[in-house]
2 protein chains.
Amino acid sequence: MKSSAWLDQIGGRLADQLRFLLEADRLKGVIRLNQIADGSRRENTAEHSWHLTLFAMVLRDYAVDPVDIWRVAQMLILHDLVEIEAGDTPLHLTLNNTDQAEREEAAADLLFGMLPDGQGIAFRALWDEFEAAESADARFAKACDRLQPILLNHVVGGGTWSVRPDFNIDMEKQLTRRIEHGSPTLWAAAEVVFADAVACGWLKPAPVTNPA
Amino acid sequence: MKSSAWLDQIGGRLADQLRFLLEADRLKGVIRLNQIADGSRRENTAEHSWHLTLFAMVLRDYAVDPVDIWRVAQMLILHDLVEIEAGDTPLHLTLNNTDQAEREEAAADLLFGMLPDGQGIAFRALWDEFEAAESADARFAKACDRLQPILLNHVVGGGTWSVRPDFNIDMEKQLTRRIEHGSPTLWAAAEVVFADAVACGWLKPAPVTNPA
């Protein structure tokens, strides 16, 4: 920022909020592992967060338990902000990221701490609830977060399913099965996508186990 | 899309909704005139829509009239989807776009028409309300839509304020004054930003009028 005199002049809560909103802009520079649907480039986390919120708006009727859709939407707008500080940790490369939770907690302290007290606390509580993935709202938000990259992988013909040579449908189902906790209907749709991806050669089938 | 057999297999409302969500992904490829805050590249409309929704969440207390913040958020998630078909029409280059409204209406028919009846109609109504900019919710959503690029122009030291050599603070205020209809507090903040930008040489001052 080349000048902050204007923020001093505005002052108070509003200056803190505008500073936070400018800091949040950095999410547009956090690059995810998966591509956008036309395959032209990788997706950034800000546009991903917009897309997920649209998913929640459109697919809300498939939530397994009644949800407060505005709380779901807020979780999806906020859920990846910590990546500004902690970076994106791709689902398909998480095996060695034992310090991810710690880094994200510290990032949440820092970022939500920029906001006025009541607001920072409320946003942090929504983020914690999303991370815990236990409430109906959080489970549906997580379902959207897992479903969207599946559709993008399918539409580009592989995507993050191809980053590890040994990766197969069983491993993918293990990584994404939490969709079922938020919406069995959307999980059933995901299973159709997986089967089609295997048929098209974009996702490896389950390994054949030979009887001894 | 390389295969649509999976959509046929899912069928019904859900297939139409997933098709719409994949089509919406194209908003990530609509490039706006303004840059993101680090000045590294121009902003796309999907990440812009995410940022605006965060603006509304954070700044909701400054709305001049009581708003239903979930309706505001939905307007902001949806408001630029028509750009997938109609393209972005930069505020600072709108003089010759007499057919913009027609193109956007046609795009809205096409895109929201992809959704099941009740949902397409509801989304279209939110978009129409945003465009009309009369309800309290729409006026606050519009205020966020106008405020965000001002902050981005300021932080990059000019941005879209520099695209026309004759552009000055009076013209900028004319383009953005609707912020005041949604939030006098945010308009006052915008005026602080404008004054600072003039002082820094990033926005031309009002032309001096010589008495005859």
# chains A, B, ... in the order shown; residues from 1 in each chain; ligands from 1
call {"tool": "closest_atom_pairs", "arguments": {"of": "chain B", "to": "chain A", "cutoff": "7 Å", "atoms": "only C-alpha atoms", "output": "tab-separated table"}}
result
residue	atom	partner	partner_atom	distance
B:Met1	CA	A:Val155	CA	5.4
B:Lys2	CA	A:Val155	CA	6.6
B:Trp6	CA	A:Val193	CA	6.0
B:Ile10	CA	A:Ala189	CA	6.3
B:Gln17	CA	A:Val58	CA	6.8
B:Leu21	CA	A:Phe55	CA	6.8
B:Asp25	CA	A:Ala37	CA	6.3
B:Lys28	CA	A:Glu47	CA	6.7
B:Ala37	CA	A:Asp25	CA	6.3
B:Ala46	CA	A:Glu47	CA	5.1
B:Glu47	CA	A:Glu47	CA	4.2
B:Ser49	CA	A:Trp50	CA	6.6
B:Trp50	CA	A:Trp50	CA	4.7
B:Leu54	CA	A:Ile77	CA	6.8
B:Phe55	CA	A:Leu21	CA	6.8
B:Val58	CA	A:Gln17	CA	6.8
B:Trp70	CA	A:Trp70	CA	5.7
B:Ile77	CA	A:Leu54	CA	6.7
B:Val155	CA	A:Met1	CA	5.5
B:Ala189	CA	A:Ile10	CA	6.3
B:Val192	CA	A:Trp6	CA	6.1
B:Val193	CA	A:Trp6	CA	6.0
B:Asp196	CA	A:Trp6	CA	6.1
call {"tool": "residues_around", "arguments": {"residues": "Glu131 (chain A)", "least_positions_apart": "6", "cutoff": "12 Å", "atoms": "only C-alpha atoms", "output": "PyMOL selection string"}}
result
chain A and resi 75-76+78-80+82+101+104-105+108+124-125+137-139+141-142+145
call {"tool": "atom_distance", "arguments": {"atom1": "CA of Ile169 (chain B)", "atom2": "CA of Gly201 (chain B)"}}
result
11.2 Å
call {"tool": "select_by_dssp", "arguments": {"residues": "chain B", "states": "strand (DSSP E or B)", "output": "number ranges by chain"}}
result
B: 31-35, 42-44, 168, 204
call {"tool": "write_last_selection", "arguments": {"atoms": "N, CA, C and O atoms", "output": "mmCIF file, in the first residue's frame"}}
result
data_model
loop_
_atom_site.group_PDB
_atom_site.id
_atom_site.type_symbol
_atom_site.label_atom_id
_atom_site.label_comp_id
_atom_site.auth_asym_id
_atom_site.auth_seq_id
_atom_site.Cartn_x
_atom_site.Cartn_y
_atom_site.Cartn_z
ATOM 1 N N ILE B 31 -12.567 -10.966 -17.686
ATOM 2 C CA ILE B 31 -11.534 -10.115 -17.092
ATOM 3 C C ILE B 31 -12.014 -8.664 -17.018
ATOM 4 O O ILE B 31 -12.436 -8.089 -18.024
ATOM 5 N N ARG B 32 -11.941 -8.087 -15.843
ATOM 6 C CA ARG B 32 -12.373 -6.709 -15.607
ATOM 7 C C ARG B 32 -11.242 -5.721 -15.949
ATOM 8 O O ARG B 32 -10.101 -6.112 -16.135
ATOM 9 N N LEU B 33 -11.591 -4.461 -15.994
ATOM 10 C CA LEU B 33 -10.593 -3.450 -16.346
ATOM 11 C C LEU B 33 -9.618 -3.199 -15.180
ATOM 12 O O LEU B 33 -8.434 -2.938 -15.385
ATOM 13 N N ASN B 34 -10.122 -3.295 -13.960
ATOM 14 C CA ASN B 34 -9.266 -2.963 -12.797
ATOM 15 C C ASN B 34 -8.341 -4.105 -12.411
ATOM 16 O O ASN B 34 -8.562 -5.263 -12.763
ATOM 17 N N GLN B 35 -7.294 -3.762 -11.668
ATOM 18 C CA GLN B 35 -6.320 -4.754 -11.207
ATOM 19 C C GLN B 35 -6.668 -5.267 -9.806
ATOM 20 O O GLN B 35 -7.463 -4.659 -9.095
ATOM 21 N N ARG B 42 -5.040 -8.112 -13.934
ATOM 22 C CA ARG B 42 -6.410 -7.624 -13.845
ATOM 23 C C ARG B 42 -7.291 -8.637 -13.113
ATOM 24 O O ARG B 42 -6.978 -9.825 -13.029
ATOM 25 N N GLU B 43 -8.366 -8.139 -12.539
ATOM 26 C CA GLU B 43 -9.259 -8.961 -11.731
ATOM 27 C C GLU B 43 -10.257 -9.691 -12.625
ATOM 28 O O GLU B 43 -10.703 -9.139 -13.630
ATOM 29 N N ASN B 44 -10.609 -10.921 -12.258
ATOM 30 C CA ASN B 44 -11.707 -11.568 -12.977
ATOM 31 C C ASN B 44 -13.004 -11.418 -12.177
ATOM 32 O O ASN B 44 -12.997 -11.114 -10.983
ATOM 33 N N ASN B 168 -11.295 12.774 -14.310
ATOM 34 C CA ASN B 168 -10.976 13.515 -13.075
ATOM 35 C C ASN B 168 -11.945 13.162 -11.942
ATOM 36 O O ASN B 168 -12.889 12.384 -12.126
ATOM 37 N N LYS B 204 -6.994 12.879 -11.251
ATOM 38 C CA LYS B 204 -6.888 14.307 -11.564
ATOM 39 C C LYS B 204 -7.879 15.116 -10.745
ATOM 40 O O LYS B 204 -9.002 14.671 -10.499
#
call {"tool": "closest_residue", "arguments": {"among": "B:Asp109, B:His92, B:Thr209, B:Gly118", "to": "Phe167 (chain B)", "atoms": "only C-alpha atoms"}}
result
B:His92
call {"tool": "atom_distance", "arguments": {"atom1": "CA of Leu203 (chain A)", "atom2": "CA of Ile179 (chain A)"}}
result
18.7 Å
call {"tool": "select_by_dssp", "arguments": {"residues": "chain A", "states": "alpha helix (DSSP H)", "output": "PyMOL selection string"}}
result
chain A and resi 5-10+12-24+45-59+69-78+83-86+100-112+117-132+136-155+169-176+179-182+184-200
call {"tool": "atom_distance", "arguments": {"atom1": "CA of Asp88 (chain A)", "atom2": "CA of Val30 (chain A)"}}
result
6.8 Å
call {"tool": "closest_residue", "arguments": {"among": "A:Asp61, A:Pro207, A:Phe140, A:Phe130", "to": "Asp170 (chain A)", "atoms": "only C-alpha atoms"}}
result
A:Pro207
